$ cat upload_10.json   # JSON, C-alpha atoms and all ligand atoms
[["chain", "number", "residue", "atom", "x", "y", "z"],
["A", 238, "ARG", "CA", 20.72, 21.01, 9.02],
["A", 239, "ALA", "CA", 19.84, 18.17, 11.35],
["A", 240, "GLY", "CA", 16.91, 15.84, 11.76],
["A", 241, "PHE", "CA", 15.50, 12.36, 12.13],
["A", 242, "VAL", "CA", 14.73, 9.86, 9.38],
["A", 243, "ALA", "CA", 12.77, 6.61, 9.69],
["A", 244, "ILE", "CA", 13.79, 3.86, 7.29],
["A", 245, "LEU", "CA", 10.59, 1.94, 6.56],
["A", 246, "GLY", "CA", 9.72, -0.94, 4.29],
["A", 247, "ARG", "CA", 8.73, -4.55, 4.35],
["A", 248, "PRO", "CA", 11.28, -7.06, 5.62],
["A", 249, "ASN", "CA", 14.26, -7.77, 3.35],
["A", 250, "VAL", "CA", 14.11, -4.63, 1.17],
["A", 251, "GLY", "CA", 17.59, -3.59, 2.37],
["A", 252, "LYS", "CA", 16.94, -1.17, 5.24],
["A", 253, "SER", "CA", 19.76, -2.43, 7.46],
["A", 254, "THR", "CA", 22.20, -2.67, 4.54],
["A", 255, "LEU", "CA", 21.51, 0.99, 3.73],
["A", 256, "LEU", "CA", 22.11, 2.06, 7.31],
["A", 257, "ASN", "CA", 25.35, 0.11, 7.45],
["A", 258, "ARG", "CA", 26.48, 1.71, 4.19],
["A", 259, "VAL", "CA", 25.65, 5.21, 5.41],
["A", 260, "LEU", "CA", 27.46, 4.71, 8.69],
["A", 261, "ARG", "CA", 30.28, 2.64, 7.20],
["A", 262, "GLU", "CA", 29.99, 0.07, 9.92],
["A", 263, "LYS", "CA", 27.95, -3.01, 10.70],
["A", 264, "ILE", "CA", 25.56, -1.50, 13.20],
["A", 265, "ALA", "CA", 22.44, -3.32, 12.01],
["A", 266, "ILE", "CA", 22.19, -7.04, 11.35],
["A", 267, "VAL", "CA", 21.79, -7.87, 7.68],
["A", 268, "SER", "CA", 20.28, -11.18, 6.82],
["A", 269, "PRO", "CA", 18.52, -12.84, 3.93],
["A", 270, "ARG", "CA", 16.02, -13.99, 6.58],
["A", 271, "PRO", "CA", 13.23, -11.48, 7.11],
["A", 272, "GLN", "CA", 12.65, -9.87, 10.51],
["A", 273, "THR", "CA", 16.21, -9.94, 11.79],
["A", 274, "THR", "CA", 15.85, -6.38, 13.09],
["A", 275, "ARG", "CA", 13.50, -6.69, 16.04],
["A", 276, "THR", "CA", 13.98, -3.36, 17.70],
["A", 277, "ARG", "CA", 14.84, -0.06, 16.15],
["A", 278, "ILE", "CA", 18.44, 1.00, 15.77],
["A", 279, "LEU", "CA", 19.60, 4.59, 15.76],
["A", 280, "GLY", "CA", 22.58, 5.61, 13.67],
["A", 281, "VAL", "CA", 23.83, 9.14, 13.12],
["A", 282, "TRP", "CA", 25.40, 10.30, 9.87],
["A", 283, "ASN", "CA", 27.55, 13.41, 9.95],
["A", 284, "GLY", "CA", 27.76, 14.86, 6.47],
["A", 285, "PRO", "CA", 28.95, 18.17, 5.11],
["A", 286, "GLY", "CA", 26.67, 20.73, 6.77],
["A", 287, "ALA", "CA", 24.13, 18.12, 7.79],
["A", 288, "GLN", "CA", 23.48, 15.59, 10.49],
["A", 289, "LEU", "CA", 20.91, 12.86, 9.96],
["A", 290, "ALA", "CA", 19.78, 10.46, 12.66],
["A", 291, "PHE", "CA", 18.41, 7.27, 11.12],
["A", 292, "PHE", "CA", 16.07, 4.81, 12.73],
["A", 293, "ASP", "CA", 16.30, 1.37, 11.17],
["A", 294, "THR", "CA", 12.94, -0.14, 12.06],
["A", 295, "PRO", "CA", 11.82, -3.71, 12.14],
["A", 296, "GLY", "CA", 9.95, -4.17, 8.88],
["A", 297, "LEU", "CA", 6.72, -2.28, 9.32],
["A", 298, "HIS", "CA", 3.88, -4.57, 8.47],
["A", 299, "ARG", "CA", 0.42, -5.49, 9.59],
["A", 300, "ALA", "CA", 0.28, -7.15, 12.98],
["A", 301, "GLU", "CA", -0.15, -10.90, 13.16],
["A", 302, "GLY", "CA", 0.82, -12.44, 16.48],
["A", 303, "PRO", "CA", 2.32, -10.75, 19.53],
["A", 304, "LEU", "CA", 5.91, -10.37, 18.31],
["A", 305, "ASN", "CA", 4.77, -8.86, 15.03],
["A", 306, "ARG", "CA", 2.43, -6.54, 16.86],
["A", 307, "ARG", "CA", 5.30, -5.31, 18.97],
["A", 308, "MET", "CA", 7.42, -4.72, 15.87],
["A", 309, "VAL", "CA", 4.63, -2.81, 14.17],
["A", 310, "GLU", "CA", 4.24, -0.59, 17.22],
["A", 311, "VAL", "CA", 7.95, 0.18, 17.09],
["A", 312, "GLY", "CA", 7.63, 1.11, 13.42],
["A", 313, "LEU", "CA", 4.60, 3.34, 13.92],
["A", 314, "SER", "CA", 5.92, 5.15, 16.96],
["A", 315, "THR", "CA", 9.14, 5.79, 15.05],
["A", 316, "LEU", "CA", 7.19, 7.38, 12.21],
["A", 317, "SER", "CA", 5.57, 9.76, 14.68],
["A", 318, "GLU", "CA", 8.96, 10.93, 15.96],
["A", 319, "VAL", "CA", 10.86, 11.67, 12.75],
["A", 320, "ASP", "CA", 11.09, 14.58, 10.31],
["A", 321, "VAL", "CA", 11.17, 12.50, 7.14],
["A", 322, "ALA", "CA", 9.96, 9.02, 6.21],
["A", 323, "LEU", "CA", 12.13, 6.99, 3.86],
["A", 324, "LEU", "CA", 10.19, 4.09, 2.38],
["A", 325, "LEU", "CA", 12.29, 1.47, 0.64],
["A", 326, "VAL", "CA", 10.92, -0.75, -2.10],
["A", 327, "GLU", "CA", 12.93, -3.10, -4.27],
["A", 328, "ALA", "CA", 13.70, -2.40, -7.88],
["A", 329, "GLY", "CA", 12.09, -5.01, -10.11],
["A", 330, "THR", "CA", 14.33, -7.82, -11.22],
["A", 331, "GLY", "CA", 12.44, -8.87, -14.28],
["A", 332, "PRO", "CA", 11.87, -7.06, -17.55],
["A", 333, "GLU", "CA", 9.30, -4.31, -17.83],
["A", 334, "GLY", "CA", 5.85, -5.40, -16.79],
["A", 335, "ARG", "CA", 3.26, -5.32, -14.09],
["A", 336, "VAL", "CA", 4.49, -4.17, -10.70],
["A", 337, "GLU", "CA", 2.82, -5.77, -7.72],
["A", 338, "VAL", "CA", 2.70, -3.58, -4.64],
["A", 339, "GLY", "CA", 2.32, -5.94, -1.69],
["A", 340, "GLU", "CA", -0.38, -5.51, 0.91],
["A", 341, "ALA", "CA", 2.17, -4.81, 3.64],
["A", 342, "THR", "CA", 3.71, -1.99, 1.63],
["A", 343, "ARG", "CA", 0.30, -0.50, 0.82],
["A", 344, "TRP", "CA", -0.42, -0.44, 4.50],
["A", 345, "ILE", "CA", 2.87, 1.31, 5.25],
["A", 346, "ILE", "CA", 2.07, 3.90, 2.58],
["A", 347, "GLU", "CA", -1.30, 4.58, 4.25],
["A", 348, "GLU", "CA", 0.52, 5.23, 7.52],
["A", 349, "VAL", "CA", 3.03, 7.49, 5.80],
["A", 350, "LYS", "CA", 0.14, 9.48, 4.27],
["A", 351, "ARG", "CA", -1.56, 9.72, 7.64],
["A", 352, "SER", "CA", 1.62, 11.10, 9.19],
["A", 353, "GLY", "CA", 1.60, 13.98, 6.69],
["A", 354, "LYS", "CA", 5.41, 13.99, 6.75],
["A", 355, "PRO", "CA", 7.73, 14.50, 3.80],
["A", 356, "ALA", "CA", 8.28, 11.07, 2.32],
["A", 357, "VAL", "CA", 11.08, 9.85, 0.11],
["A", 358, "LEU", "CA", 10.66, 6.70, -1.93],
["A", 359, "GLY", "CA", 13.94, 4.82, -2.13],
["A", 360, "ILE", "CA", 14.17, 2.22, -4.88],
["A", 361, "SER", "CA", 16.68, -0.26, -3.47],
["A", 362, "LYS", "CA", 18.94, -2.93, -5.03],
["A", 363, "ILE", "CA", 19.20, -1.28, -8.45],
["A", 364, "ASP", "CA", 22.38, -3.30, -9.02],
["A", 365, "ARG", "CA", 20.13, -6.32, -9.62],
["A", 366, "ALA", "CA", 17.67, -4.57, -11.90],
["A", 367, "PRO", "CA", 17.84, -3.70, -15.55],
["A", 368, "LYS", "CA", 17.16, 0.02, -16.11],
["A", 369, "GLU", "CA", 13.87, -0.72, -17.89],
["A", 370, "ALA", "CA", 12.59, -2.42, -14.76],
["A", 371, "ILE", "CA", 13.00, 0.67, -12.57],
["A", 372, "LEU", "CA", 10.67, 3.12, -14.33],
["A", 373, "PRO", "CA", 7.54, 0.95, -14.00],
["A", 374, "VAL", "CA", 8.26, 0.58, -10.28],
["A", 375, "ILE", "CA", 8.48, 4.34, -9.87],
["A", 376, "ALA", "CA", 5.26, 4.81, -11.85],
["A", 377, "ALA", "CA", 3.38, 2.26, -9.77],
["A", 378, "TYR", "CA", 4.39, 3.85, -6.48],
["A", 379, "ARG", "CA", 3.75, 7.39, -7.69],
["A", 380, "GLU", "CA", 0.15, 6.33, -8.19],
["A", 381, "LEU", "CA", -0.13, 5.51, -4.51],
["A", 382, "HIS", "CA", 1.44, 8.60, -2.96],
["A", 383, "ALA", "CA", 2.72, 12.07, -3.87],
["A", 384, "TRP", "CA", 6.30, 11.29, -2.88],
["A", 385, "THR", "CA", 8.41, 14.31, -2.05],
["A", 386, "GLU", "CA", 11.32, 12.69, -3.91],
["A", 387, "VAL", "CA", 12.11, 9.35, -5.54],
["A", 388, "VAL", "CA", 15.71, 8.09, -5.41],
["A", 389, "PRO", "CA", 16.92, 4.79, -6.89],
["A", 390, "PHE", "CA", 20.08, 3.45, -5.23],
["A", 391, "SER", "CA", 22.17, 0.41, -4.39],
["A", 392, "ALA", "CA", 23.50, 0.16, -0.86],
["A", 393, "LEU", "CA", 25.54, -2.91, -1.77],
["A", 394, "ARG", "CA", 27.42, -1.17, -4.59],
["A", 395, "ASP", "CA", 27.26, 2.31, -3.05],
["A", 396, "GLU", "CA", 25.41, 3.71, -6.07],
["A", 397, "ASN", "CA", 23.47, 6.95, -5.57],
["A", 398, "VAL", "CA", 23.56, 6.66, -1.77],
["A", 399, "ASP", "CA", 25.17, 10.13, -1.65],
["A", 400, "ASP", "CA", 22.28, 11.53, -3.64],
["A", 401, "LEU", "CA", 19.83, 9.90, -1.25],
["A", 402, "LEU", "CA", 21.63, 11.48, 1.72],
["A", 403, "ARG", "CA", 21.64, 14.93, 0.11],
["A", 404, "THR", "CA", 17.94, 14.61, -0.65],
["A", 405, "LEU", "CA", 17.11, 13.64, 2.93],
["A", 406, "ALA", "CA", 19.30, 16.41, 4.34],
["A", 407, "ARG", "CA", 17.33, 18.99, 2.34],
["A", 408, "LEU", "CA", 14.05, 17.76, 3.84],
["A", 409, "VAL", "CA", 14.84, 17.59, 7.56],
["B", 501, "LIG", "P1", 16.02, -5.40, 5.84],
["B", 501, "LIG", "O1", 15.24, -6.58, 6.33],
["B", 501, "LIG", "O2", 15.13, -4.45, 5.09],
["B", 501, "LIG", "O3", 16.83, -4.73, 6.90],
["B", 501, "LIG", "O4", 17.03, -5.97, 4.72],
["B", 501, "LIG", "P2", 18.59, -6.31, 4.87],
["B", 501, "LIG", "O5", 19.39, -5.06, 4.85],
["B", 501, "LIG", "O6", 18.78, -7.24, 6.00],
["B", 501, "LIG", "O7", 18.87, -7.02, 3.47],
["B", 501, "LIG", "C1", 18.13, -8.17, 3.06],
["B", 501, "LIG", "C2", 18.90, -8.88, 1.96],
["B", 501, "LIG", "O8", 19.02, -8.03, 0.78],
["B", 501, "LIG", "C3", 20.34, -9.23, 2.36],
["B", 501, "LIG", "O9", 20.64, -10.50, 1.82],
["B", 501, "LIG", "C4", 21.17, -8.14, 1.69],
["B", 501, "LIG", "O10", 22.48, -8.53, 1.40],
["B", 501, "LIG", "C5", 20.38, -7.87, 0.42],
["B", 501, "LIG", "N1", 20.60, -6.49, -0.07],
["B", 501, "LIG", "C6", 20.46, -5.35, 0.63],
["B", 501, "LIG", "N2", 20.78, -4.27, -0.12],
["B", 501, "LIG", "C7", 21.13, -4.72, -1.35],
["B", 501, "LIG", "C8", 21.55, -4.10, -2.57],
["B", 501, "LIG", "O11", 21.70, -2.88, -2.71],
["B", 501, "LIG", "N3", 21.78, -4.94, -3.62],
["B", 501, "LIG", "C9", 21.63, -6.29, -3.54],
["B", 501, "LIG", "N4", 21.87, -7.02, -4.62],
["B", 501, "LIG", "N5", 21.25, -6.91, -2.41],
["B", 501, "LIG", "C10", 21.00, -6.15, -1.31],
["B", 502, "MG", "MG", 16.82, -5.02, 8.91]]
$ encode --input "upload_10.json" --output "structure tokens"
Amino acid sequence: RAGFVAILGRPNVGKSTLLNRVLREKIAIVSPRPQTTRTRILGVWNGPGAQLAFFDTPGLHRAEGPLNRRMVEVGLSTLSEVDVALLLVEAGTGPEGRVEVGEATRWIIEEVKRSGKPAVLGISKIDRAPKEAILPVIAAYRELHAWTEVVPFSALRDENVDDLLRTLARLV
């Protein structure tokens, strides 16, 4: 199997770190500062019986100012070209409680819906989150979209990244 995957999500959720983990090299710039990835980066993963081409996009968010607008265009045009959308959201860091879905992420979800493509919700940075904090996040996002799959993972610790890759490979 072979296909294209867009890694979407607001700045700083860990998109570039995931791509670097998958490719085992530092292809995308990782930074605690948002918006380090200004153009999209293509990386190809060759797995057992599957090849996935990943686009790491600049954080897809609503346009404000010319540079942002350009970045949003890159994100949207990428979505139109891929087989599967992978939206990353961060695992909660606090104890169980209300989960706030930011406006930027809601907007991305609307675009994912509009695309009609299979969409995987990746819950990133689970190494920082207590287990009880993950379920409410999943519940909150399931209310917003009928995700094809939901996969919690940590790119930093390499937890469940294999599962994420297998899931994506099934969908392309
Ligand atoms: P992007 O803007 O979505 O591409 O996010 P980056 O990949 O640049 O990561 C933003 C910040 O989150 C960096 O400081 C990363 O080191 C950190 N980060 C990314 N993935 C993980 C993870 O799995 N666990 C933890 N604890 N931090 C992470
Ligand atoms: Mg990035």
$ residues_around --input "upload_10.json" --residues "Phe241 (chain A)" --least-positions-apart "6" --cutoff "8 Å" --atoms "all atoms listed in the file" --output "JSON, numbers by chain"
{"A": [289, 290, 291, 292, 318, 319, 320, 321, 409]}
$ closest_residue --input "upload_10.json" --among "A:Leu405, A:Val281, A:Leu316, A:Val336" --to "Val374 (chain A)" --atoms "all atoms listed in the file"
A:Val336
$ atom_distance --input "upload_10.json" --atom1 "CA of Val387 (chain A)" --atom2 "CA of Leu402 (chain A)"
12.2 Å
$ residues_around --input "upload_10.json" --residues "Arg407 (chain A)" --least-positions-apart "6" --cutoff "10 Å" --atoms "all atoms listed in the file" --output "MDAnalysis selection string"
chainID A and resid 238:240 287
$ closest_residue --input "upload_10.json" --among "A:Leu325, A:Ile371, A:Ile346, A:Ala243" --to "ligand LIG 501 (chain B)" --atoms "all atoms listed in the file"
A:Leu325
$ residues_around --input "upload_10.json" --residues "Leu372 (chain A)" --least-positions-apart "4" --cutoff "10 Å" --atoms "all atoms listed in the file" --output "list in words"
Ala328, Gly329, Glu333, Pro367, Lys368, Ala376, Ala377 and Pro389 of chain A
$ residues_around --input "upload_10.json" --residues "Val326 (chain A)" --least-positions-apart "4" --cutoff "10 Å" --atoms "all atoms listed in the file" --output "compact mmCIF listing (two decimals) with C-alpha atoms, keeping the file's coordinate frame"
# COMPACT_ATOMS: atom_id res chain seq x y z
CA LEU A 245 10.59 1.94 6.56
CA GLY A 246 9.72 -0.94 4.29
CA ARG A 247 8.73 -4.55 4.35
CA PRO A 248 11.28 -7.06 5.62
CA ASN A 249 14.26 -7.77 3.35
CA VAL A 250 14.11 -4.63 1.17
CA GLY A 251 17.59 -3.59 2.37
CA LYS A 252 16.94 -1.17 5.24
CA VAL A 338 2.70 -3.58 -4.64
CA THR A 342 3.71 -1.99 1.63
CA LEU A 358 10.66 6.70 -1.93
CA GLY A 359 13.94 4.82 -2.13
CA ILE A 360 14.17 2.22 -4.88
CA SER A 361 16.68 -0.26 -3.47
CA LYS A 362 18.94 -2.93 -5.03
CA VAL A 374 8.26 0.58 -10.28
CA ILE A 375 8.48 4.34 -9.87
CA TYR A 378 4.39 3.85 -6.48
CA PRO A 389 16.92 4.79 -6.89
$ atom_distance --input "upload_10.json" --atom1 "CA of Thr294 (chain A)" --atom2 "CA of Asn257 (chain A)"
13.2 Å
$ atom_distance --input "upload_10.json" --atom1 "atom N4 of ligand LIG 501 (chain B)" --atom2 "CA of Leu393 (chain A)"
6.2 Å
$ closest_residue --input "upload_10.json" --among "A:Val242, A:Leu381, A:Ile363, A:Ala341" --to "Thr404 (chain A)" --atoms "only C-alpha atoms"
A:Val242
$ closest_residue --input "upload_10.json" --among "A:Ser253, A:Asn283, A:Thr315, A:Thr330" --to "Ala370 (chain A)" --atoms "all atoms listed in the file"
A:Thr330
$ closest_residue --input "upload_10.json" --among "A:Glu327, A:Asp400, A:Asp364, A:Glu380" --to "ligand LIG 501 (chain B)" --atoms "all atoms listed in the file"
A:Asp364
$ closest_residue --input "upload_10.json" --among "A:Ile278, A:Leu323, A:Ala383, A:Leu313" --to "ligand MG 502 (chain B)" --atoms "only C-alpha atoms and all ligand atoms"
A:Ile278
